[in-house]
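Structure data (compact mmCIF, C-alpha atoms) from start_31.txt:
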# COMPACT_ATOMS: atom_id res chain seq x y z
CA MET R 1 0.00 0.00 0.00
CA GLU R 2 1.15 3.54 -0.73
CA LYS R 3 2.71 5.15 2.31
CA THR R 4 1.43 8.54 3.37
CA THR R 5 2.27 10.90 6.19
CA LEU R 6 -0.57 11.26 8.65
CA ILE R 7 -1.17 14.03 11.17
CA PRO R 8 -1.95 12.40 14.50
CA PRO R 9 -4.93 13.89 16.39
CA VAL R 10 -3.93 15.53 19.67
CA ASP R 11 -5.44 16.52 23.01
CA VAL R 12 -3.64 19.34 24.81
CA PHE R 13 -3.92 19.94 28.54
CA GLU R 14 -2.45 22.64 30.72
CA THR R 15 -1.73 22.29 34.41
CA GLY R 16 -0.01 24.72 36.76
CA ASP R 17 3.51 23.80 35.70
CA LYS R 18 3.04 21.64 32.59
CA TYR R 19 1.55 21.23 29.16
CA ILE R 20 0.50 17.68 28.31
CA LEU R 21 0.08 16.48 24.73
CA VAL R 22 -1.69 13.19 24.04
CA LEU R 23 -1.49 11.84 20.49
CA ASP R 24 -3.15 8.87 18.78
CA MET R 25 -0.57 7.04 16.67
CA PRO R 26 -1.85 3.51 16.05
CA GLY R 27 0.53 1.10 14.36
CA THR R 28 3.69 2.58 15.82
CA THR R 29 6.01 1.06 18.38
CA LYS R 30 7.97 2.69 21.19
CA GLU R 31 11.15 2.30 19.13
CA GLY R 32 9.59 4.01 16.11
CA ILE R 33 8.74 7.24 17.97
CA GLU R 34 10.98 10.27 17.69
CA VAL R 35 10.46 13.45 19.70
CA SER R 36 12.76 16.42 19.22
CA ALA R 37 12.78 20.06 20.25
CA GLU R 38 14.69 22.56 18.22
CA ASN R 39 14.44 26.30 18.58
CA ASP R 40 10.72 26.97 18.95
CA THR R 41 9.46 23.75 17.41
CA LEU R 42 8.63 20.42 18.95
CA THR R 43 8.56 17.72 16.29
CA ILE R 44 6.90 14.36 16.80
CA LYS R 45 7.44 11.55 14.35
CA GLY R 46 6.32 7.95 14.39
CA SER R 47 7.04 5.26 11.88
CA VAL R 48 4.34 2.71 11.32
CA GLN R 49 5.17 -0.94 11.49
CA GLU R 50 4.37 -2.74 8.26
CA LEU R 51 2.48 -5.99 8.24
CA SER R 52 4.44 -8.96 7.05
CA GLU R 53 4.48 -9.71 3.33
CA GLU R 54 2.09 -12.64 3.66
CA TRP R 55 -0.94 -10.31 4.00
CA THR R 56 -2.60 -9.04 0.83
CA PRO R 57 -5.12 -6.19 1.30
CA LEU R 58 -8.70 -7.18 0.41
CA SER R 59 -10.36 -3.95 1.48
CA SER R 60 -8.92 -0.75 2.95
CA GLU R 61 -11.00 1.87 4.71
CA PHE R 62 -8.14 3.74 6.32
CA ARG R 63 -4.62 4.42 5.23
CA LEU R 64 -1.52 3.44 7.08
CA GLY R 65 1.41 5.80 7.13
CA ASP R 66 4.09 7.39 9.18
CA TYR R 67 3.06 10.21 11.48
CA LYS R 68 4.45 13.70 11.80
CA ARG R 69 3.25 16.76 13.63
CA ASP R 70 4.99 19.98 14.66
CA PHE R 71 4.07 22.18 17.60
CA THR R 72 5.32 25.68 18.24
CA ILE R 73 6.40 25.74 21.86
CA GLY R 74 8.19 29.08 22.10
CA SER R 75 10.06 30.14 25.19
CA LYS R 76 7.34 28.97 27.57
CA ILE R 77 8.81 25.46 27.67
CA ASP R 78 11.95 24.23 29.38
CA HIS R 79 13.60 22.25 26.57
CA GLU R 80 15.56 20.17 29.05
CA LYS R 81 12.39 18.89 30.70
CA ILE R 82 10.41 17.06 28.03
CA ASP R 83 9.14 13.60 28.90
CA ALA R 84 7.56 11.14 26.50
CA LYS R 85 5.66 7.98 27.29
CA TYR R 86 4.23 5.48 24.81
CA ASP R 87 1.45 3.03 25.53
CA ASN R 88 -0.47 0.99 22.99
CA GLY R 89 -0.61 3.51 20.14
CA VAL R 90 -0.92 6.56 22.38
CA LEU R 91 2.00 8.97 22.90
CA THR R 92 1.90 11.25 25.94
CA ILE R 93 4.35 14.14 26.13
CA GLU R 94 4.84 16.26 29.22
CA LEU R 95 6.37 19.66 28.68
CA THR R 96 7.47 21.54 31.76
CA LYS R 97 6.91 25.27 31.69
CA SER R 98 9.99 27.40 31.98
CA GLU R 99 10.34 29.24 35.29
CA HIS R 100 9.11 32.58 33.97
CA ALA R 101 5.99 31.02 32.42
CA LYS R 102 4.79 29.32 35.61
CA PRO R 103 2.00 30.98 37.50
CA ARG R 104 3.37 32.92 40.44
CA LYS R 105 1.82 34.05 43.60
CA ILE R 106 2.63 37.66 44.19
CA ASP R 107 2.52 38.98 47.68
CA VAL R 108 0.85 42.29 47.86
CA LYS R 109 2.24 44.58 50.48
CA LEU R 110 -0.24 46.67 52.28
CA ASN R 111 1.06 49.79 53.80
CA MET T 1 -16.29 10.64 17.12
CA ILE T 2 -14.61 7.57 15.78
CA TYR T 3 -10.87 7.71 15.44
CA ASN T 4 -9.86 8.67 11.95
CA PRO T 5 -6.21 8.29 11.03
CA VAL T 6 -6.65 10.50 7.99
CA TYR T 7 -6.89 13.59 10.10
CA ARG T 8 -6.12 16.07 7.36
CA MET T 9 -8.96 14.77 5.20
CA GLU T 10 -11.34 14.82 8.11
CA THR T 11 -10.52 18.47 8.72
CA LEU T 12 -11.22 19.31 5.09
CA ARG T 13 -14.48 17.44 5.35
CA LYS T 14 -15.43 19.53 8.36
CA ILE T 15 -14.70 22.70 6.42
CA ALA T 16 -16.79 21.41 3.51
CA ASP T 17 -19.61 20.54 5.88
CA ARG T 18 -19.54 24.06 7.27
CA LEU T 19 -19.64 25.55 3.80
CA PHE T 20 -22.48 23.44 2.53
CA SER T 21 -24.69 23.32 5.54
CA GLY T 22 -26.41 26.17 7.31
CA TRP T 23 -25.47 27.09 10.87
CA ASP T 24 -28.53 25.31 12.19
CA ALA T 25 -27.65 22.16 10.27
CA ARG T 26 -24.22 21.73 11.81
CA GLN T 27 -23.38 18.24 12.90
CA GLU T 28 -20.45 16.40 14.35
CA THR T 29 -18.56 14.75 11.56
CA GLY T 30 -16.96 11.38 12.02
CA TYR T 31 -17.66 7.85 11.08
CA ASP T 32 -20.74 6.13 12.37
CA THR T 33 -18.69 2.98 12.36
CA ALA T 34 -15.02 2.17 12.71
CA PRO T 35 -12.83 2.06 9.61
CA VAL T 36 -11.43 -1.40 9.04
CA ASN T 37 -8.74 -2.90 6.84
CA ILE T 38 -9.02 -6.54 5.81
CA TYR T 39 -6.14 -8.65 4.58
CA GLU T 40 -5.91 -12.18 3.29
CA GLY T 41 -3.01 -14.56 3.82
CA ALA T 42 -2.42 -18.18 2.89
CA ASP T 43 -3.76 -19.46 6.22
CA GLY T 44 -6.41 -16.91 7.06
CA TYR T 45 -7.71 -13.37 7.20
CA LEU T 46 -6.65 -10.39 9.27
CA ILE T 47 -9.07 -7.64 10.31
CA GLN T 48 -7.30 -4.48 11.46
CA ILE T 49 -9.15 -1.76 13.38
CA ALA T 50 -7.47 1.41 14.64
CA ALA T 51 -8.04 1.51 18.39
CA PRO T 52 -5.29 3.57 20.06
CA GLY T 53 -5.31 3.43 23.83
CA VAL T 54 -7.92 0.68 23.91
CA LYS T 55 -7.25 -2.13 26.38
CA ALA T 56 -8.33 -5.75 25.98
CA GLY T 57 -11.09 -5.14 28.54
CA ASP T 58 -12.64 -2.41 26.33
CA VAL T 59 -13.20 -4.87 23.48
CA SER T 60 -15.80 -7.55 23.07
CA VAL T 61 -15.83 -10.04 20.23
CA ASN T 62 -18.75 -12.39 19.63
CA PHE T 63 -19.44 -14.97 17.02
CA SER T 64 -22.85 -16.45 16.31
CA ASP T 65 -24.77 -17.52 13.20
CA ASP T 66 -21.80 -16.82 10.94
CA ILE T 67 -21.69 -13.19 12.12
CA LEU T 68 -18.63 -11.88 13.89
CA THR T 69 -19.46 -8.82 15.99
CA VAL T 70 -16.84 -6.53 17.47
CA ALA T 71 -17.56 -3.78 19.98
CA VAL T 72 -14.94 -1.28 21.11
CA LYS T 73 -15.29 1.53 23.58
CA ARG T 74 -12.80 4.24 24.45
CA THR T 75 -13.12 6.94 27.05
CA VAL T 76 -10.67 9.81 27.12
CA GLU T 77 -10.72 13.11 29.00
CA THR T 78 -12.90 15.52 27.03
CA GLU T 79 -13.52 18.08 29.76
CA SER T 80 -11.34 20.36 31.80
CA SER T 81 -10.91 19.53 35.44
CA GLU T 82 -10.08 21.97 38.20
CA ASP T 83 -6.30 21.64 37.95
CA LYS T 84 -6.09 20.40 34.35
CA LYS T 85 -7.38 22.63 31.61
CA LEU T 86 -8.27 21.09 28.25
CA LEU T 87 -6.93 23.43 25.57
CA ARG T 88 -7.54 21.30 22.51
CA SER T 89 -9.53 18.12 21.98
CA GLU T 90 -9.16 16.22 18.72
CA ARG T 91 -9.08 12.58 19.83
CA GLY T 92 -12.50 12.03 21.30
CA ASN T 93 -14.37 9.09 22.72
CA TYR T 94 -15.89 6.33 20.75
CA ASP T 95 -18.22 3.45 21.21
CA PHE T 96 -18.82 1.41 18.10
CA THR T 97 -20.01 -2.00 17.03
CA ARG T 98 -19.22 -3.58 13.73
CA SER T 99 -20.32 -6.91 12.31
CA PHE T 100 -18.74 -9.10 9.67
CA SER T 101 -20.44 -11.87 7.83
CA LEU T 102 -17.91 -14.65 7.55
CA THR T 103 -17.42 -16.76 4.50
CA ASN T 104 -17.59 -20.49 4.99
CA ASP T 105 -13.85 -20.95 4.57
CA VAL T 106 -13.26 -19.54 8.08
CA ASP T 107 -12.89 -21.91 11.00
CA PRO T 108 -15.18 -20.45 13.72
CA GLU T 109 -13.21 -22.26 16.40
CA LYS T 110 -10.06 -20.39 15.49
CA ILE T 111 -10.84 -16.70 15.81
CA ASP T 112 -8.22 -14.83 17.71
CA ALA T 113 -8.40 -11.20 18.89
CA LYS T 114 -5.58 -9.09 20.26
CA VAL T 115 -4.77 -5.48 20.98
CA LEU T 116 -1.35 -4.48 19.69
CA ASN T 117 0.29 -1.05 19.29
CA GLY T 118 -3.04 0.73 19.02
CA PHE T 119 -4.67 -1.73 16.67
CA LEU T 120 -7.30 -4.31 17.37
CA LEU T 121 -6.33 -7.32 15.27
CA LEU T 122 -8.71 -10.18 14.58
CA HIS T 123 -7.08 -13.19 13.11
CA LEU T 124 -9.35 -15.68 11.36
CA THR T 125 -7.98 -19.04 10.36
CA LYS T 126 -9.14 -20.76 7.20
CA THR T 127 -10.51 -24.26 7.44
CA PRO T 128 -7.99 -26.89 6.30
CA GLN T 129 -10.05 -27.74 3.17
CA SER T 130 -9.97 -24.17 1.92
CA LYS T 131 -6.24 -23.59 2.29
CA PRO T 132 -4.38 -23.63 -0.98
CA LYS T 133 -2.88 -27.03 -1.32
CA LYS T 134 0.29 -27.83 -3.03
CA ILE T 135 -0.21 -30.86 -5.17
CA ASP T 136 2.80 -32.74 -6.27
CA VAL T 137 2.44 -33.83 -9.80
CA LYS T 138 4.27 -36.92 -10.64
CA VAL T 139 5.90 -36.86 -13.96
CA ASN T 140 6.37 -40.26 -15.47

How would this structure read if it were set down as structure tokens?
Amino acid sequence: MEKTTLIPPVDVFETGDKYILVLDMPGTTKEGIEVSAENDTLTIKGSVQELSEEWTPLSSEFRLGDYKRDFTIGSKIDHEKIDAKYDNGVLTIELTKSEHAKPRKIDVKLN
Amino acid sequence: MIYNPVYRMETLRKIADRLFSGWDARQETGYDTAPVNIYEGADGYLIQIAAPGVKAGDVSVNFSDDILTVAVKRTVETESSEDKKLLRSERGNYDFTRSFSLTNDVDPEKIDAKVLNGFLLLHLTKTPQSKPKKIDVKVN
């Protein structure tokens, strides 16, 4: 089958000190996932594992392909603190906010 | 919405839906059933269903009267909670059932289902009679 590049759907969450990305990437393996941060861009790639040669397609309703998606992360993210976890076709990435982007409690002085 | 690996096309379809339908006619796009790929091998058939994040317990497979029925359910977070704000939601939940009418070359005793790397894979074995046989021709 012709190989295409697919854009994996994502859910994005924000907590006090993190951004969490959750991506659906069925057909990949942990070894086939590549996450890199360069300048302002976080790039996620996943290569799909091909079925063995013995299987001939009879009917295809969805396409298989490698995945790629870029996210602009800017200066709000600490590039040294990016964690990725893969479980059964779902990639979860935790991005830690850089110190200046975290919510701060500011004490107000009353005179 | 059912998971659709062809995300770019789905997005275009949504745009098209918006263009061609009035505001009051808006509807959630998505498949009303799960997309499936079917393959044939020498010894059987393979049914491949995209089911990222689905665990074995979320799947039920039944076979009766020559009909194979597969039900898959997935629940993901689609709302913000107090300390976790949902900024973007593209993945969605799904709950689908799909049935397959099996040809008589499938051995109903040998239907195997497994969840692997985000796919639900159903492996159907052909009955011994229907497998391609290699016949040695004796040449005298």

Quiz item: CA of Asn37 (chain T) and CA of Gly92 (chain T), how far apart in Å?
Solution: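 Straight-line distance from CA of Gly92 (chain T) to CA of Asn37 (chain T) works out to 21.1 Å.
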
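When all atoms listed in the file are used to measure the gap to chain T, the shortest distance among R:Asp87, R:Asp40, R:Asp78, R:Glu50 belongs to R:Asp87.
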
Quiz item: Got a sec to pull out which chain R residues are within 10 Å of chain T, counting only C-alpha atoms, and send them as a count of residues only?
Solution: 50

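Checking R:Glu94, R:Asp83, R:Arg69, R:Leu110 one by one against Ile44 (chain R), counting all atoms listed in the file, you find the shortest gap at R:Arg69.
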
Quiz item: Separation of CA of Asp66 (chain R) and CA of Leu124 (chain T), in Å?
Solution: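 Interatomic distance, CA of Asp66 (chain R) to CA of Leu124 (chain T): 26.8 Å.
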